[in-house]
Each structure stands twice: as structure tokens, then as C-alpha cells.
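Visitor: I'm passing along work21.csv; it holds CSV, N, CA and C atoms.
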chain,number,residue,atom,x,y,z
A,1128,MET,N,-13.7,-21.8,10.5
A,1128,MET,CA,-12.9,-21.7,9.3
A,1128,MET,C,-11.9,-20.5,9.4
A,1129,LEU,N,-10.8,-20.6,8.8
A,1129,LEU,CA,-9.8,-19.5,8.8
A,1129,LEU,C,-9.6,-18.8,7.5
A,1130,ASN,N,-9.8,-17.6,7.5
A,1130,ASN,CA,-9.6,-16.7,6.3
A,1130,ASN,C,-8.6,-15.6,6.7
A,1131,LEU,N,-7.3,-15.9,6.6
A,1131,LEU,CA,-6.3,-14.9,6.9
A,1131,LEU,C,-5.2,-15.0,5.9
A,1132,CYS,N,-4.9,-13.8,5.3
A,1132,CYS,CA,-3.8,-13.7,4.3
A,1132,CYS,C,-2.8,-12.6,4.7
A,1133,GLU,N,-1.6,-12.9,4.4
A,1133,GLU,CA,-0.5,-11.9,4.5
A,1133,GLU,C,0.3,-11.8,3.3
A,1134,PHE,N,0.5,-10.6,2.8
A,1134,PHE,CA,1.3,-10.4,1.6
A,1134,PHE,C,2.3,-9.3,1.8
A,1135,GLN,N,3.5,-9.4,1.2
A,1135,GLN,CA,4.5,-8.4,1.1
A,1135,GLN,C,4.7,-8.0,-0.3
A,1136,GLY,N,4.6,-6.7,-0.6
A,1136,GLY,CA,4.8,-6.3,-2.0
A,1136,GLY,C,4.9,-4.8,-2.1
A,1137,ARG,N,4.9,-4.4,-3.4
A,1137,ARG,CA,5.0,-2.9,-3.7
A,1137,ARG,C,3.6,-2.5,-4.2
A,1138,ILE,N,3.2,-1.3,-3.8
A,1138,ILE,CA,2.0,-0.7,-4.3
A,1138,ILE,C,2.2,-0.4,-5.8
A,1139,SER,N,1.3,-0.9,-6.6
A,1139,SER,CA,1.6,-0.8,-8.1
A,1139,SER,C,0.8,0.4,-8.7
A,1140,ASN,N,0.0,1.0,-8.0
A,1140,ASN,CA,-0.7,2.2,-8.5
A,1140,ASN,C,-0.9,3.3,-7.4
A,1141,VAL,N,-1.4,4.4,-7.8
A,1141,VAL,CA,-1.6,5.5,-6.8
A,1141,VAL,C,-2.9,5.1,-6.1
A,1142,PRO,N,-2.9,4.9,-4.8
A,1142,PRO,CA,-4.1,4.5,-4.0
A,1142,PRO,C,-5.2,5.5,-4.2
A,1143,LYS,N,-6.4,5.0,-4.4
A,1143,LYS,CA,-7.6,5.8,-4.6
A,1143,LYS,C,-8.4,5.9,-3.3
A,1144,TYR,N,-8.6,7.1,-2.7
A,1144,TYR,CA,-9.2,7.3,-1.5
A,1144,TYR,C,-10.6,8.0,-1.7
A,1145,THR,N,-11.6,7.4,-1.2
A,1145,THR,CA,-13.0,7.9,-1.4
A,1145,THR,C,-13.7,7.8,-0.1
A,1146,MET,N,-14.8,8.6,0.0
A,1146,MET,CA,-15.7,8.5,1.2
A,1146,MET,C,-16.8,7.6,0.8
A,1147,GLY,N,-17.0,6.4,1.5
A,1147,GLY,CA,-18.1,5.6,1.2
A,1147,GLY,C,-19.4,6.2,1.8
A,1148,GLU,N,-20.4,5.3,2.0
A,1148,GLU,CA,-21.7,5.8,2.6
A,1148,GLU,C,-21.4,6.4,4.0
A,1149,LYS,N,-20.7,5.6,4.8
A,1149,LYS,CA,-20.4,6.1,6.2
A,1149,LYS,C,-19.0,6.1,6.6
A,1150,THR,N,-18.1,5.5,5.8
A,1150,THR,CA,-16.7,5.3,6.2
A,1150,THR,C,-15.8,5.5,5.0
A,1151,PRO,N,-14.6,6.0,5.2
A,1151,PRO,CA,-13.6,6.2,4.2
A,1151,PRO,C,-13.1,4.8,3.6
A,1152,VAL,N,-12.8,4.8,2.3
A,1152,VAL,CA,-12.3,3.6,1.6
A,1152,VAL,C,-11.1,4.0,0.8
A,1153,ALA,N,-10.1,3.1,0.9
A,1153,ALA,CA,-8.9,3.3,0.0
A,1153,ALA,C,-8.7,2.0,-0.7
A,1154,ARG,N,-8.4,2.1,-2.0
A,1154,ARG,CA,-8.2,0.9,-2.8
A,1154,ARG,C,-6.9,1.1,-3.6
A,1155,PHE,N,-6.1,0.0,-3.7
A,1155,PHE,CA,-4.9,-0.1,-4.5
A,1155,PHE,C,-4.6,-1.5,-4.8
A,1156,ARG,N,-3.6,-1.7,-5.7
A,1156,ARG,CA,-3.2,-3.0,-6.1
A,1156,ARG,C,-1.8,-3.2,-5.6
A,1157,LEU,N,-1.5,-4.4,-5.1
A,1157,LEU,CA,-0.2,-4.8,-4.5
A,1157,LEU,C,0.4,-5.8,-5.4
A,1158,ALA,N,1.7,-5.5,-5.9
A,1158,ALA,CA,2.5,-6.4,-6.7
A,1158,ALA,C,3.3,-7.3,-5.8
A,1159,VAL,N,3.0,-8.6,-5.8
A,1159,VAL,CA,3.7,-9.5,-4.9
A,1159,VAL,C,4.6,-10.4,-5.8
A,1160,GLN,N,5.9,-10.3,-5.6
A,1160,GLN,CA,6.9,-11.0,-6.5
A,1160,GLN,C,6.9,-12.5,-6.1
A,1161,ARG,N,6.9,-13.4,-7.1
A,1161,ARG,CA,7.0,-14.8,-6.8
A,1161,ARG,C,8.4,-15.2,-6.4
A,1162,ASP,N,8.5,-16.3,-5.8
A,1162,ASP,CA,9.8,-16.8,-5.3
A,1162,ASP,C,10.6,-17.5,-6.3
A,1163,PHE,N,10.1,-17.7,-7.5
A,1163,PHE,CA,10.8,-18.4,-8.6
A,1163,PHE,C,10.7,-17.7,-9.9
A,1164,LYS,N,11.6,-18.1,-10.8
A,1164,LYS,CA,11.6,-17.5,-12.1
A,1164,LYS,C,10.8,-18.3,-13.1
A,1165,GLY,N,10.3,-17.7,-14.1
A,1165,GLY,CA,9.5,-18.4,-15.1
A,1165,GLY,C,10.5,-19.0,-16.1
A,1166,GLN,N,9.9,-19.7,-17.1
A,1166,GLN,CA,10.7,-20.4,-18.1
A,1166,GLN,C,11.6,-19.4,-18.9
A,1167,ASP,N,11.1,-18.1,-19.0
A,1167,ASP,CA,11.9,-17.1,-19.7
A,1167,ASP,C,13.0,-16.5,-18.8
A,1168,GLY,N,13.2,-17.0,-17.6
A,1168,GLY,CA,14.2,-16.6,-16.7
A,1168,GLY,C,13.9,-15.3,-15.9
A,1169,LYS,N,12.7,-14.8,-16.1
A,1169,LYS,CA,12.3,-13.5,-15.4
A,1169,LYS,C,11.4,-13.9,-14.2
A,1170,VAL,N,11.5,-13.0,-13.2
A,1170,VAL,CA,10.7,-13.2,-12.0
A,1170,VAL,C,9.3,-12.5,-12.3
A,1171,LYS,N,8.3,-13.2,-12.0
A,1171,LYS,CA,6.9,-12.8,-12.3
A,1171,LYS,C,6.3,-12.2,-11.0
A,1172,ALA,N,5.2,-11.5,-11.1
A,1172,ALA,CA,4.5,-11.0,-9.9
A,1172,ALA,C,3.0,-11.2,-10.0
A,1173,ASP,N,2.4,-11.4,-8.9
A,1173,ASP,CA,0.9,-11.5,-8.9
A,1173,ASP,C,0.4,-10.1,-8.3
A,1174,TYR,N,-0.7,-9.7,-8.8
A,1174,TYR,CA,-1.3,-8.4,-8.5
A,1174,TYR,C,-2.6,-8.6,-7.6
A,1175,ILE,N,-2.5,-8.2,-6.4
A,1175,ILE,CA,-3.6,-8.4,-5.5
A,1175,ILE,C,-4.4,-7.1,-5.3
A,1176,ASP,N,-5.7,-7.1,-5.6
A,1176,ASP,CA,-6.5,-5.9,-5.3
A,1176,ASP,C,-6.7,-5.8,-3.8
A,1177,CYS,N,-6.5,-4.6,-3.2
A,1177,CYS,CA,-6.7,-4.4,-1.8
A,1177,CYS,C,-7.6,-3.3,-1.5
A,1178,SER,N,-8.4,-3.5,-0.4
A,1178,SER,CA,-9.3,-2.4,0.1
A,1178,SER,C,-9.1,-2.2,1.6
A,1179,ALA,N,-9.0,-0.9,2.0
A,1179,ALA,CA,-8.9,-0.6,3.4
A,1179,ALA,C,-10.1,0.3,3.7
A,1180,PHE,N,-10.6,0.1,4.9
A,1180,PHE,CA,-11.7,0.9,5.4
A,1180,PHE,C,-11.4,1.6,6.7
A,1181,GLY,N,-12.2,2.7,7.0
A,1181,GLY,CA,-12.0,3.4,8.2
A,1181,GLY,C,-10.6,4.0,8.4
A,1182,LYS,N,-10.1,3.8,9.6
A,1182,LYS,CA,-8.7,4.3,10.0
A,1182,LYS,C,-7.7,3.8,9.1
A,1183,ASN,N,-7.8,2.5,8.7
A,1183,ASN,CA,-6.8,1.9,7.7
A,1183,ASN,C,-6.8,2.7,6.4
A,1184,ALA,N,-8.0,3.1,5.9
A,1184,ALA,CA,-8.1,3.9,4.7
A,1184,ALA,C,-7.4,5.2,4.9
A,1185,GLU,N,-7.6,5.8,6.0
A,1185,GLU,CA,-6.9,7.1,6.3
A,1185,GLU,C,-5.4,7.0,6.3
A,1186,VAL,N,-4.9,5.9,6.9
A,1186,VAL,CA,-3.5,5.6,6.9
A,1186,VAL,C,-2.9,5.4,5.5
A,1187,VAL,N,-3.7,4.7,4.7
A,1187,VAL,CA,-3.3,4.5,3.3
A,1187,VAL,C,-3.2,5.8,2.5
A,1188,ASP,N,-4.2,6.6,2.7
A,1188,ASP,CA,-4.3,8.0,2.1
A,1188,ASP,C,-3.1,8.9,2.5
A,1189,LYS,N,-2.8,8.8,3.8
A,1189,LYS,CA,-1.8,9.7,4.3
A,1189,LYS,C,-0.4,9.3,4.0
A,1190,TYR,N,-0.1,8.0,4.2
A,1190,TYR,CA,1.3,7.5,4.1
A,1190,TYR,C,1.7,6.6,3.0
A,1191,CYS,N,0.8,6.1,2.2
A,1191,CYS,CA,1.1,5.1,1.2
A,1191,CYS,C,1.2,5.8,-0.2
A,1192,ARG,N,2.2,5.3,-1.0
A,1192,ARG,CA,2.4,5.9,-2.3
A,1192,ARG,C,2.8,4.8,-3.3
A,1193,LYS,N,2.7,5.0,-4.5
A,1193,LYS,CA,3.0,4.0,-5.6
A,1193,LYS,C,4.5,3.7,-5.4
A,1194,GLY,N,4.8,2.4,-5.5
A,1194,GLY,CA,6.2,1.9,-5.4
A,1194,GLY,C,6.6,1.5,-4.0
A,1195,GLN,N,5.9,1.9,-3.0
A,1195,GLN,CA,6.2,1.6,-1.6
A,1195,GLN,C,6.1,0.2,-1.2
A,1196,MET,N,7.1,-0.4,-0.5
A,1196,MET,CA,7.0,-1.7,0.0
A,1196,MET,C,6.2,-1.8,1.3
A,1197,ILE,N,5.2,-2.6,1.4
A,1197,ILE,CA,4.4,-2.8,2.6
A,1197,ILE,C,4.1,-4.3,2.8
A,1198,ILE,N,3.6,-4.6,4.0
A,1198,ILE,CA,3.1,-5.9,4.3
A,1198,ILE,C,1.6,-5.6,4.7
A,1199,VAL,N,0.7,-6.4,4.1
A,1199,VAL,CA,-0.7,-6.2,4.5
A,1199,VAL,C,-1.2,-7.6,5.1
A,1200,LYS,N,-2.1,-7.5,6.0
A,1200,LYS,CA,-2.7,-8.6,6.6
A,1200,LYS,C,-4.2,-8.4,6.6
A,1201,GLY,N,-5.0,-9.4,6.2
A,1201,GLY,CA,-6.4,-9.3,6.2
A,1201,GLY,C,-7.1,-10.5,5.7
A,1202,ARG,N,-8.3,-10.4,5.2
A,1202,ARG,CA,-9.1,-11.5,4.8
A,1202,ARG,C,-9.5,-11.4,3.3
A,1203,PHE,N,-9.5,-12.5,2.7
A,1203,PHE,CA,-9.8,-12.5,1.2
A,1203,PHE,C,-11.3,-12.5,1.1
A,1204,GLN,N,-11.9,-11.6,0.2
A,1204,GLN,CA,-13.3,-11.5,0.1
A,1204,GLN,C,-13.7,-11.5,-1.4
A,1205,ASN,N,-14.9,-11.9,-1.7
A,1205,ASN,CA,-15.4,-11.8,-3.1
A,1205,ASN,C,-16.3,-10.6,-3.2
A,1206,GLY,N,-16.2,-9.9,-4.3
A,1206,GLY,CA,-17.1,-8.8,-4.5
A,1206,GLY,C,-18.4,-9.2,-5.2
A,1207,THR,N,-19.2,-8.3,-5.6
A,1207,THR,CA,-20.4,-8.6,-6.3
A,1207,THR,C,-20.1,-8.9,-7.8
A,1208,PRO,N,-20.6,-10.1,-8.3
A,1208,PRO,CA,-20.3,-10.4,-9.7
A,1208,PRO,C,-21.0,-9.4,-10.6
A,1209,TYR,N,-20.3,-9.2,-11.8
A,1209,TYR,CA,-20.9,-8.3,-12.8
A,1209,TYR,C,-20.5,-8.8,-14.2
A,1210,ASP,N,-21.2,-8.2,-15.2
A,1210,ASP,CA,-20.9,-8.5,-16.6
A,1210,ASP,C,-20.1,-7.4,-17.2
A,1211,ASP,N,-18.9,-7.8,-17.8
A,1211,ASP,CA,-18.1,-6.7,-18.4
A,1211,ASP,C,-18.6,-6.3,-19.7
A,1212,ASN,N,-17.8,-5.5,-20.5
A,1212,ASN,CA,-18.3,-4.9,-21.8
A,1212,ASN,C,-18.6,-5.9,-22.8
A,1213,GLN,N,-17.9,-7.1,-22.7
A,1213,GLN,CA,-18.1,-8.1,-23.7
A,1213,GLN,C,-19.2,-9.1,-23.3
A,1214,GLY,N,-19.8,-8.9,-22.2
A,1214,GLY,CA,-20.9,-9.8,-21.7
A,1214,GLY,C,-20.3,-11.0,-20.9
A,1215,VAL,N,-19.1,-10.9,-20.5
A,1215,VAL,CA,-18.5,-12.0,-19.7
A,1215,VAL,C,-18.7,-11.8,-18.3
A,1216,ARG,N,-19.2,-12.8,-17.6
A,1216,ARG,CA,-19.5,-12.7,-16.1
A,1216,ARG,C,-18.1,-12.6,-15.4
A,1217,ARG,N,-17.9,-11.6,-14.5
A,1217,ARG,CA,-16.7,-11.5,-13.7
A,1217,ARG,C,-17.0,-11.6,-12.2
A,1218,PHE,N,-16.1,-12.2,-11.5
A,1218,PHE,CA,-16.2,-12.5,-10.1
A,1218,PHE,C,-15.0,-11.8,-9.4
A,1219,PRO,N,-15.2,-10.5,-9.0
A,1219,PRO,CA,-14.0,-9.8,-8.4
A,1219,PRO,C,-13.7,-10.4,-7.0
A,1220,SER,N,-12.4,-10.3,-6.7
A,1220,SER,CA,-11.9,-10.7,-5.4
A,1220,SER,C,-11.0,-9.7,-4.9
A,1221,PHE,N,-10.9,-9.5,-3.6
A,1221,PHE,CA,-9.9,-8.5,-3.0
A,1221,PHE,C,-9.5,-8.9,-1.6
A,1222,LEU,N,-8.5,-8.2,-1.2
A,1222,LEU,CA,-8.0,-8.4,0.2
A,1222,LEU,C,-8.6,-7.3,1.0
A,1223,ASN,N,-9.4,-7.6,2.1
A,1223,ASN,CA,-9.9,-6.6,3.0
A,1223,ASN,C,-8.8,-6.4,4.1
A,1224,ILE,N,-8.1,-5.3,4.1
A,1224,ILE,CA,-7.0,-5.1,4.9
A,1224,ILE,C,-7.4,-4.8,6.4
A,1225,GLU,N,-6.8,-5.5,7.3
A,1225,GLU,CA,-7.0,-5.3,8.7
A,1225,GLU,C,-5.8,-4.7,9.3
A,1226,LYS,N,-4.6,-4.9,8.8
A,1226,LYS,CA,-3.3,-4.3,9.3
A,1226,LYS,C,-2.4,-4.0,8.2
A,1227,ILE,N,-1.6,-2.9,8.4
A,1227,ILE,CA,-0.6,-2.5,7.4
A,1227,ILE,C,0.7,-2.3,8.1
A,1228,TYR,N,1.7,-2.9,7.6
A,1228,TYR,CA,3.1,-2.8,8.1
A,1228,TYR,C,4.0,-2.1,7.1
A,1229,PHE,N,4.7,-1.1,7.5
A,1229,PHE,CA,5.5,-0.3,6.5
A,1229,PHE,C,6.9,-0.9,6.5
A,1230,VAL,N,7.4,-1.4,5.4
A,1230,VAL,CA,8.7,-1.9,5.2
A,1230,VAL,C,9.7,-0.8,4.8
A,1231,ASP,N,9.2,0.1,3.9
A,1231,ASP,CA,10.0,1.3,3.5
A,1231,ASP,C,9.6,2.4,4.5
A,1232,HIS,N,10.6,2.9,5.2
A,1232,HIS,CA,10.3,4.0,6.1
A,1232,HIS,C,10.3,5.3,5.3
A,1233,GLY,N,9.4,6.2,5.4
A,1233,GLY,CA,9.3,7.4,4.7
A,1233,GLY,C,8.5,8.5,5.5
A,1234,THR,N,8.3,9.5,4.8
A,1234,THR,CA,7.5,10.6,5.4
A,1234,THR,C,6.1,10.6,4.8
A,1235,PRO,N,5.2,11.3,5.4
A,1235,PRO,CA,3.8,11.4,4.8
A,1235,PRO,C,3.9,11.9,3.4
A,1236,LYS,N,3.1,11.4,2.4
A,1236,LYS,CA,3.3,11.8,1.0
A,1236,LYS,C,2.9,13.3,0.8
A,1237,ASN,N,2.2,13.9,1.7
A,1237,ASN,CA,1.8,15.3,1.5
A,1237,ASN,C,2.8,16.3,2.2
A,1238,GLN,N,3.8,15.8,2.9
A,1238,GLN,CA,4.7,16.7,3.6
A,1238,GLN,C,5.6,17.4,2.6
A,1239,GLN,N,5.8,18.7,2.8
A,1239,GLN,CA,6.6,19.5,2.0
A,1239,GLN,C,8.1,19.2,2.2
A,1240,GLU,N,8.9,19.4,1.2
A,1240,GLU,CA,10.4,19.3,1.4
A,1240,GLU,C,10.9,20.4,2.3
A,1241,VAL,N,11.7,20.0,3.2
A,1241,VAL,CA,12.3,21.0,4.2
A,1241,VAL,C,13.7,21.4,3.7
A,1242,GLU,N,13.9,22.7,3.6
A,1242,GLU,CA,15.2,23.2,3.2
A,1242,GLU,C,16.3,22.9,4.3
A,1243,GLU,N,17.4,22.5,3.9
A,1243,GLU,CA,18.5,22.3,4.9
A,1243,GLU,C,19.1,23.6,5.2
A,1244,GLU,N,19.4,23.8,6.5
A,1244,GLU,CA,20.1,25.0,7.0
A,1244,GLU,C,21.6,24.8,6.9
A,1245,GLU,N,22.3,26.0,6.7
A,1245,GLU,CA,23.7,25.9,6.8
A,1245,GLU,C,24.2,25.6,8.2
A,1246,PRO,N,25.2,24.8,8.4
A,1246,PRO,CA,25.6,24.5,9.7
A,1246,PRO,C,26.3,25.7,10.3
A,1247,THR,N,26.1,25.8,11.7
A,1247,THR,CA,26.7,26.9,12.4
A,1247,THR,C,28.2,26.6,12.7
A,1248,VAL,N,29.1,27.5,12.4
A,1248,VAL,CA,30.5,27.3,12.7
A,1248,VAL,C,30.8,27.9,14.1
A,1249,VAL,N,31.4,27.0,15.0
A,1249,VAL,CA,31.8,27.5,16.3
A,1249,VAL,C,33.3,27.4,16.4
A,1250,GLN,N,33.8,28.5,16.8
A,1250,GLN,CA,35.3,28.6,17.1
A,1250,GLN,C,35.6,28.0,18.4
A,1251,MET,N,36.8,27.4,18.5
A,1251,MET,CA,37.2,26.8,19.8
A,1251,MET,C,37.2,27.8,20.9
A,1252,GLY,N,37.5,29.0,20.7
A,1252,GLY,CA,37.6,30.0,21.7
A,1252,GLY,C,36.2,30.4,22.2
A,1253,ASP,N,35.1,30.1,21.5
A,1253,ASP,CA,33.8,30.4,21.9
A,1253,ASP,C,33.2,29.4,22.8
A,1254,ILE,N,33.8,28.2,23.0
A,1254,ILE,CA,33.3,27.2,23.9
A,1254,ILE,C,33.7,27.5,25.3
A,1255,PRO,N,32.8,27.6,26.3
A,1255,PRO,CA,33.1,28.0,27.6
A,1255,PRO,C,33.8,27.0,28.5
A,1256,PHE,N,34.2,25.8,28.1
A,1256,PHE,CA,34.9,24.9,29.0
A,1256,PHE,C,36.2,24.5,28.4
The structure given in the file should be rewritten as C-alpha cells.

Guide:
Amino acid sequence: MLNLCEFQGRISNVPKYTMGEKTPVARFRLAVQRDFKGQDGKVKADYIDCSAFGKNAEVVDKYCRKGQMIIVKGRFQNGTPYDDNQGVRRFPSFLNIEKIYFVDHGTPKNQQEVEEEEPTVVQMGDIPF
């Protein structure tokens, strides 16, 4: 059987990074825009819950931010069913990320802003050739 999914979209919340029992875990939601407009003329989006483990979780924590466009590849999984506050049985599903591709190029989210230096002015007489 084949369980392989690829989605391109924008991260719709601030990724949550935690340390699991033995491995780091990062969770976020990906907004994937549909290819067509609804009856109201607006483009709709589907929201995919995503989880990354190990090195992928560290990459998400270091480089991913809300609003960033990425492509994720992984397998679709079902979580443990639970009863919500109203007693309704819920069956959570999520994408277990195996690869992350960055569409928006950027800097690590924790990197400080670097001040730009004034350019050095060189006179034509200062050049030795």
C-alpha cells in the first residue's frame, strides 16, 4: 500500500516545539489553498495538522515561522481517538513529515538583525593600477 502525501502551503500558526519521551517534536498547521473558488467567489483553504520528529523537528524549530511557504512530504496518520468537552468522539489525523522543502528563502528565525555598514569611498587616485 502507498501512503505518501505532498502539500504546499503556508504555516498558519507559530510552530510548537517540545521534547517528547526520547525525541524532539514540532507541530504546526499548514494552510493549503484550493485550486478553485467557492460559490462566493473567494478562494478557500484546507488546514492540515503536521508533526515533525527528530532532525525534522529541529529544522522546523530553527527555520520555520508563521506565514512561511513550504512544501512538506510525508505520510498521513491517525492519532488516538478522544472525547471532546461535549462528549463527541474525535478521530484526529495529521501528516507525519518526512521531508521539508523551503519555498520562501529566509534566515533562521532567531538570527539578530545585522546593521548595514556605510560603504567605503575610494578615490580614483587611491587605486594602484

Visitor: Using CA of Arg1216 in chain A and CA of Leu1157 in chain A as the two end points, give the distance in Å to one decimal.

Guide: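 A separation of 23.9 Å between them.
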
Visitor: Looking at only N, CA and C atoms, which of A:Gly1181, A:Gly1136, A:Gly1214, A:Pro1219 is the one that sits closest to Gly1194 in chain A?

Guide: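 Distance minimum relative to Gly1194 in chain A lands on A:Gly1136.
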
Visitor: Excluding same-chain residues fewer than 6 positions from Ile1224 in chain A, what lies within 9 Å of it counting only C-alpha atoms, as JSON, numbers by chain?

Guide: {"A": [1177, 1178, 1179, 1180, 1183, 1199, 1200, 1201, 1202, 1203]}

Visitor: Write out as an NGL selection string which residues come within 5 Å of Val1152 in chain A when counting all atoms listed in the file, dropping same-chain ones fewer than 5 positions away.

Guide: :A and (1144-1147 or 1179-1180 or 1184)

Visitor: Please identify the alpha helix (DSSP H) residues within chain A (assignment by DSSP from backbone atoms) and present them as a list in words.

Guide: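 Here are the alpha helix (DSSP H) residues of chain A: Lys1182, Asn1183, Ala1184, Glu1185, Val1186, Val1187, Asp1188, Lys1189 and Tyr1190 of chain A.
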
Visitor: Report the distance between CA of Asn1130 in chain A and atom N of Asp1211 in chain A in Å, rounded to one decimal place.

Guide: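 Those two atoms sit 27.3 Å apart.
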